[in-house]
Amino acid sequence: MAAKDRLVHTKRISPQEIRELDVYYDKGGMNYFNYTTKPKGIFFSSTVYEHEEGSTWKTLKVGLGESKPGVGYICVVPLTNYRPTALREVRERVEAHAEAIHALCDVGDAAALEQLKAILTGAVVPATAEAGA
């Protein structure tokens, strides 16, 4: 899977911002943002970019912290060896429940994070009403 295939869903969250939901395999190693060791596995990430409507340019917004919840990454499936099936399954869950995932990213608290993990792992399937929330 090429890097360009990571992007699963994009949503405009304000006139100046978009949120992108990505699913990808990472071989693990050093995380140079916080100097921790990142495990090998299938990851989900939510990233906010500054992107004016109609523009072709987007700018990564770094250091959002409390001002913009729901930004970061989660190791959904820890792996010892790459498994394309695991990647496909997580990607399909994000595609199927993108709106519910965006809503949870908007909330960004601990309870929303647990619900997000449950959706990503397939432990919970959100109801149709929740998906539009």
# chains A, B, ... in the order shown; residues from 1 in each chain; ligands from 1
call {"tool": "residues_around", "arguments": {"residues": "A:Pro126", "least_positions_apart": "6", "cutoff": "8 Å", "atoms": "only C-alpha atoms", "output": "PyMOL selection string"}}
result
chain A and resi 97+100+119
call {"tool": "residues_around", "arguments": {"residues": "A:Val48", "least_positions_apart": "6", "cutoff": "7 Å", "atoms": "only C-alpha atoms", "output": "list of chain:residue names"}}
result
A:Glu17, A:Ile18, A:Arg19, A:Glu20, A:Leu60, A:Lys61, A:Val71
call {"tool": "write_last_selection", "arguments": {"atoms": "all heavy atoms", "output": "PDB file, in the first residue's frame"}}
result
ATOM      1  N   GLU A  17     -10.661  24.833   8.057  1.00  0.00           N
ATOM      2  CA  GLU A  17     -10.008  23.595   8.484  1.00  0.00           C
ATOM      3  C   GLU A  17     -10.688  22.348   7.931  1.00  0.00           C
ATOM      4  O   GLU A  17     -11.905  22.324   7.772  1.00  0.00           O
ATOM      5  CB  GLU A  17     -10.016  23.477  10.011  1.00  0.00           C
ATOM      6  CG  GLU A  17      -9.235  24.562  10.718  1.00  0.00           C
ATOM      7  CD  GLU A  17      -9.392  24.483  12.226  1.00  0.00           C
ATOM      8  OE1 GLU A  17     -10.489  24.123  12.705  1.00  0.00           O
ATOM      9  OE2 GLU A  17      -8.417  24.783  12.912  1.00  0.00           O
ATOM     10  N   ILE A  18      -9.850  21.323   7.695  1.00  0.00           N
ATOM     11  CA  ILE A  18     -10.352  20.003   7.352  1.00  0.00           C
ATOM     12  C   ILE A  18      -9.717  18.986   8.301  1.00  0.00           C
ATOM     13  O   ILE A  18      -8.645  19.235   8.859  1.00  0.00           O
ATOM     14  CB  ILE A  18     -10.038  19.603   5.888  1.00  0.00           C
ATOM     15  CG1 ILE A  18      -8.523  19.590   5.634  1.00  0.00           C
ATOM     16  CG2 ILE A  18     -10.782  20.470   4.905  1.00  0.00           C
ATOM     17  CD1 ILE A  18      -8.120  19.016   4.298  1.00  0.00           C
ATOM     18  N   ARG A  19     -10.412  17.871   8.510  1.00  0.00           N
ATOM     19  CA  ARG A  19      -9.851  16.757   9.279  1.00  0.00           C
ATOM     20  C   ARG A  19      -9.734  15.573   8.334  1.00  0.00           C
ATOM     21  O   ARG A  19     -10.667  15.248   7.619  1.00  0.00           O
ATOM     22  CB  ARG A  19     -10.727  16.372  10.461  1.00  0.00           C
ATOM     23  CG  ARG A  19     -10.130  15.164  11.231  1.00  0.00           C
ATOM     24  CD  ARG A  19     -10.999  14.652  12.362  1.00  0.00           C
ATOM     25  NE  ARG A  19     -11.179  15.646  13.394  1.00  0.00           N
ATOM     26  CZ  ARG A  19     -12.348  16.199  13.705  1.00  0.00           C
ATOM     27  NH1 ARG A  19     -13.436  15.861  13.050  1.00  0.00           N
ATOM     28  NH2 ARG A  19     -12.425  17.097  14.659  1.00  0.00           N
ATOM     29  N   GLU A  20      -8.561  14.933   8.351  1.00  0.00           N
ATOM     30  CA  GLU A  20      -8.339  13.741   7.540  1.00  0.00           C
ATOM     31  C   GLU A  20      -8.198  12.538   8.446  1.00  0.00           C
ATOM     32  O   GLU A  20      -7.489  12.592   9.459  1.00  0.00           O
ATOM     33  CB  GLU A  20      -7.084  13.893   6.669  1.00  0.00           C
ATOM     34  CG  GLU A  20      -7.248  14.930   5.587  1.00  0.00           C
ATOM     35  CD  GLU A  20      -6.080  14.999   4.629  1.00  0.00           C
ATOM     36  OE1 GLU A  20      -5.037  14.349   4.874  1.00  0.00           O
ATOM     37  OE2 GLU A  20      -6.213  15.714   3.623  1.00  0.00           O
ATOM     38  N   LEU A  60      -0.432  21.653   7.641  1.00  0.00           N
ATOM     39  CA  LEU A  60      -0.581  20.871   8.865  1.00  0.00           C
ATOM     40  C   LEU A  60      -0.606  21.801  10.064  1.00  0.00           C
ATOM     41  O   LEU A  60       0.216  22.703  10.186  1.00  0.00           O
ATOM     42  CB  LEU A  60       0.584  19.891   9.007  1.00  0.00           C
ATOM     43  CG  LEU A  60       0.603  19.032  10.271  1.00  0.00           C
ATOM     44  CD1 LEU A  60      -0.619  18.122  10.330  1.00  0.00           C
ATOM     45  CD2 LEU A  60       1.876  18.213  10.317  1.00  0.00           C
ATOM     46  N   LYS A  61      -1.578  21.596  10.948  1.00  0.00           N
ATOM     47  CA  LYS A  61      -1.663  22.379  12.173  1.00  0.00           C
ATOM     48  C   LYS A  61      -1.012  21.570  13.292  1.00  0.00           C
ATOM     49  O   LYS A  61      -1.509  20.536  13.678  1.00  0.00           O
ATOM     50  CB  LYS A  61      -3.114  22.715  12.486  1.00  0.00           C
ATOM     51  CG  LYS A  61      -3.737  23.594  11.402  1.00  0.00           C
ATOM     52  CD  LYS A  61      -5.070  24.110  11.800  1.00  0.00           C
ATOM     53  CE  LYS A  61      -4.849  25.291  12.685  1.00  0.00           C
ATOM     54  NZ  LYS A  61      -6.030  26.094  12.923  1.00  0.00           N
ATOM     55  N   VAL A  71      -7.095  14.901  17.755  1.00  0.00           N
ATOM     56  CA  VAL A  71      -5.954  14.854  16.846  1.00  0.00           C
ATOM     57  C   VAL A  71      -4.936  13.890  17.428  1.00  0.00           C
ATOM     58  O   VAL A  71      -4.602  13.971  18.612  1.00  0.00           O
ATOM     59  CB  VAL A  71      -5.333  16.249  16.660  1.00  0.00           C
ATOM     60  CG1 VAL A  71      -4.038  16.174  15.871  1.00  0.00           C
ATOM     61  CG2 VAL A  71      -6.326  17.182  16.002  1.00  0.00           C
TER      62      VAL A  71
END
call {"tool": "closest_residue", "arguments": {"among": "A:Ser14, A:Phe33, A:Gly70, A:Ser55", "to": "A:Ala112", "atoms": "only C-alpha atoms"}}
result
A:Gly70
call {"tool": "select_by_dssp", "arguments": {"residues": "chain A", "states": "strand (DSSP E or B)", "output": "ChimeraX atom specification"}}
result
/A:7-14,17-26,29-31,36-38,41-50,59-60,72-78
call {"tool": "select_by_dssp", "arguments": {"residues": "chain A", "states": "alpha helix (DSSP H)", "output": "PyMOL selection string"}}
result
chain A and resi 84-96+98-107+110-121+128-131
call {"tool": "atom_distance", "arguments": {"atom1": "atom CA of A:Ala111", "atom2": "atom CA of A:Ser46"}}
result
16.7 Å
call {"tool": "closest_residue", "arguments": {"among": "A:Gly72, A:Ile13, A:Arg83, A:Val124", "to": "A:Gly108", "atoms": "only C-alpha atoms"}}
result
A:Gly72
call {"tool": "residues_around", "arguments": {"residues": "A:Pro39", "least_positions_apart": "3", "cutoff": "12 Å", "atoms": "only C-alpha atoms", "output": "MDAnalysis selection string"}}
result
chainID A and resid 25:31 36 42:43 73:81
call {"tool": "write_last_selection", "arguments": {"atoms": "N, CA and C atoms", "output": "PDB file, in the first residue's frame"}}
result
ATOM      1  N   TYR A  25      -0.115   1.072   7.842  1.00  0.00           N
ATOM      2  CA  TYR A  25       0.784   0.165   8.536  1.00  0.00           C
ATOM      3  C   TYR A  25       2.051   0.938   8.870  1.00  0.00           C
ATOM      4  N   ASP A  26       2.557   0.745  10.093  1.00  0.00           N
ATOM      5  CA  ASP A  26       3.815   1.367  10.497  1.00  0.00           C
ATOM      6  C   ASP A  26       4.731   0.281  11.034  1.00  0.00           C
ATOM      7  N   LYS A  27       5.967   0.267  10.588  1.00  0.00           N
ATOM      8  CA  LYS A  27       6.918  -0.760  11.014  1.00  0.00           C
ATOM      9  C   LYS A  27       7.451  -0.515  12.417  1.00  0.00           C
ATOM     10  N   GLY A  28       7.011   0.563  13.062  1.00  0.00           N
ATOM     11  CA  GLY A  28       7.428   0.851  14.422  1.00  0.00           C
ATOM     12  C   GLY A  28       8.757   1.567  14.476  1.00  0.00           C
ATOM     13  N   GLY A  29       9.178   1.858  15.698  1.00  0.00           N
ATOM     14  CA  GLY A  29      10.446   2.552  15.895  1.00  0.00           C
ATOM     15  C   GLY A  29      10.259   3.837  16.664  1.00  0.00           C
ATOM     16  N   MET A  30      11.232   4.732  16.536  1.00  0.00           N
ATOM     17  CA  MET A  30      11.241   5.974  17.297  1.00  0.00           C
ATOM     18  C   MET A  30      10.187   6.948  16.783  1.00  0.00           C
ATOM     19  N   ASN A  31       9.427   7.532  17.722  1.00  0.00           N
ATOM     20  CA  ASN A  31       8.505   8.614  17.417  1.00  0.00           C
ATOM     21  C   ASN A  31       9.271   9.900  17.723  1.00  0.00           C
ATOM     22  N   THR A  36       9.173   8.508  22.095  1.00  0.00           N
ATOM     23  CA  THR A  36       8.755   7.198  22.591  1.00  0.00           C
ATOM     24  C   THR A  36       8.932   6.188  21.464  1.00  0.00           C
ATOM     25  N   ILE A  42      -1.040  -1.740  12.721  1.00  0.00           N
ATOM     26  CA  ILE A  42      -1.984  -0.974  11.919  1.00  0.00           C
ATOM     27  C   ILE A  42      -2.440   0.207  12.763  1.00  0.00           C
ATOM     28  N   PHE A  43      -2.321   1.414  12.206  1.00  0.00           N
ATOM     29  CA  PHE A  43      -2.628   2.637  12.928  1.00  0.00           C
ATOM     30  C   PHE A  43      -3.771   3.395  12.284  1.00  0.00           C
ATOM     31  N   TYR A  73      -2.878   9.692  16.907  1.00  0.00           N
ATOM     32  CA  TYR A  73      -2.917   8.365  16.295  1.00  0.00           C
ATOM     33  C   TYR A  73      -3.108   7.301  17.359  1.00  0.00           C
ATOM     34  N   ILE A  74      -3.625   6.141  16.914  1.00  0.00           N
ATOM     35  CA  ILE A  74      -3.886   5.000  17.782  1.00  0.00           C
ATOM     36  C   ILE A  74      -3.380   3.749  17.074  1.00  0.00           C
ATOM     37  N   CYS A  75      -2.651   2.907  17.793  1.00  0.00           N
ATOM     38  CA  CYS A  75      -2.292   1.591  17.252  1.00  0.00           C
ATOM     39  C   CYS A  75      -3.511   0.697  17.465  1.00  0.00           C
ATOM     40  N   VAL A  76      -4.196   0.388  16.379  1.00  0.00           N
ATOM     41  CA  VAL A  76      -5.433  -0.389  16.448  1.00  0.00           C
ATOM     42  C   VAL A  76      -5.134  -1.875  16.534  1.00  0.00           C
ATOM     43  N   VAL A  77      -4.164  -2.349  15.735  1.00  0.00           N
ATOM     44  CA  VAL A  77      -3.822  -3.764  15.691  1.00  0.00           C
ATOM     45  C   VAL A  77      -2.304  -3.901  15.806  1.00  0.00           C
ATOM     46  N   PRO A  78      -1.789  -4.240  16.997  1.00  0.00           N
ATOM     47  CA  PRO A  78      -0.348  -4.488  17.105  1.00  0.00           C
ATOM     48  C   PRO A  78       0.009  -5.751  16.319  1.00  0.00           C
ATOM     49  N   LEU A  79       1.125  -5.724  15.604  1.00  0.00           N
ATOM     50  CA  LEU A  79       1.519  -6.852  14.768  1.00  0.00           C
ATOM     51  C   LEU A  79       2.988  -7.202  14.974  1.00  0.00           C
ATOM     52  N   THR A  80       3.322  -8.455  14.732  1.00  0.00           N
ATOM     53  CA  THR A  80       4.726  -8.834  14.642  1.00  0.00           C
ATOM     54  C   THR A  80       5.126  -8.936  13.176  1.00  0.00           C
ATOM     55  N   ASN A  81       4.173  -9.278  12.304  1.00  0.00           N
ATOM     56  CA  ASN A  81       4.388  -9.334  10.857  1.00  0.00           C
ATOM     57  C   ASN A  81       3.231  -8.622  10.167  1.00  0.00           C
TER      58      ASN A  81
END
call {"tool": "residues_around", "arguments": {"residues": "A:Leu120", "least_positions_apart": "5", "cutoff": "7 Å", "atoms": "only C-alpha atoms", "output": "list in words"}}
result
Val76, Val90, Arg93 and Val94 of chain A
call {"tool": "atom_distance", "arguments": {"atom1": "atom CA of A:Thr47", "atom2": "atom CA of A:Glu99"}}
result
14.9 Å
call {"tool": "closest_residue", "arguments": {"among": "A:Leu87, A:Val125, A:Ala98, A:Ala118", "to": "A:Asp5", "atoms": "only C-alpha atoms"}}
result
A:Leu87
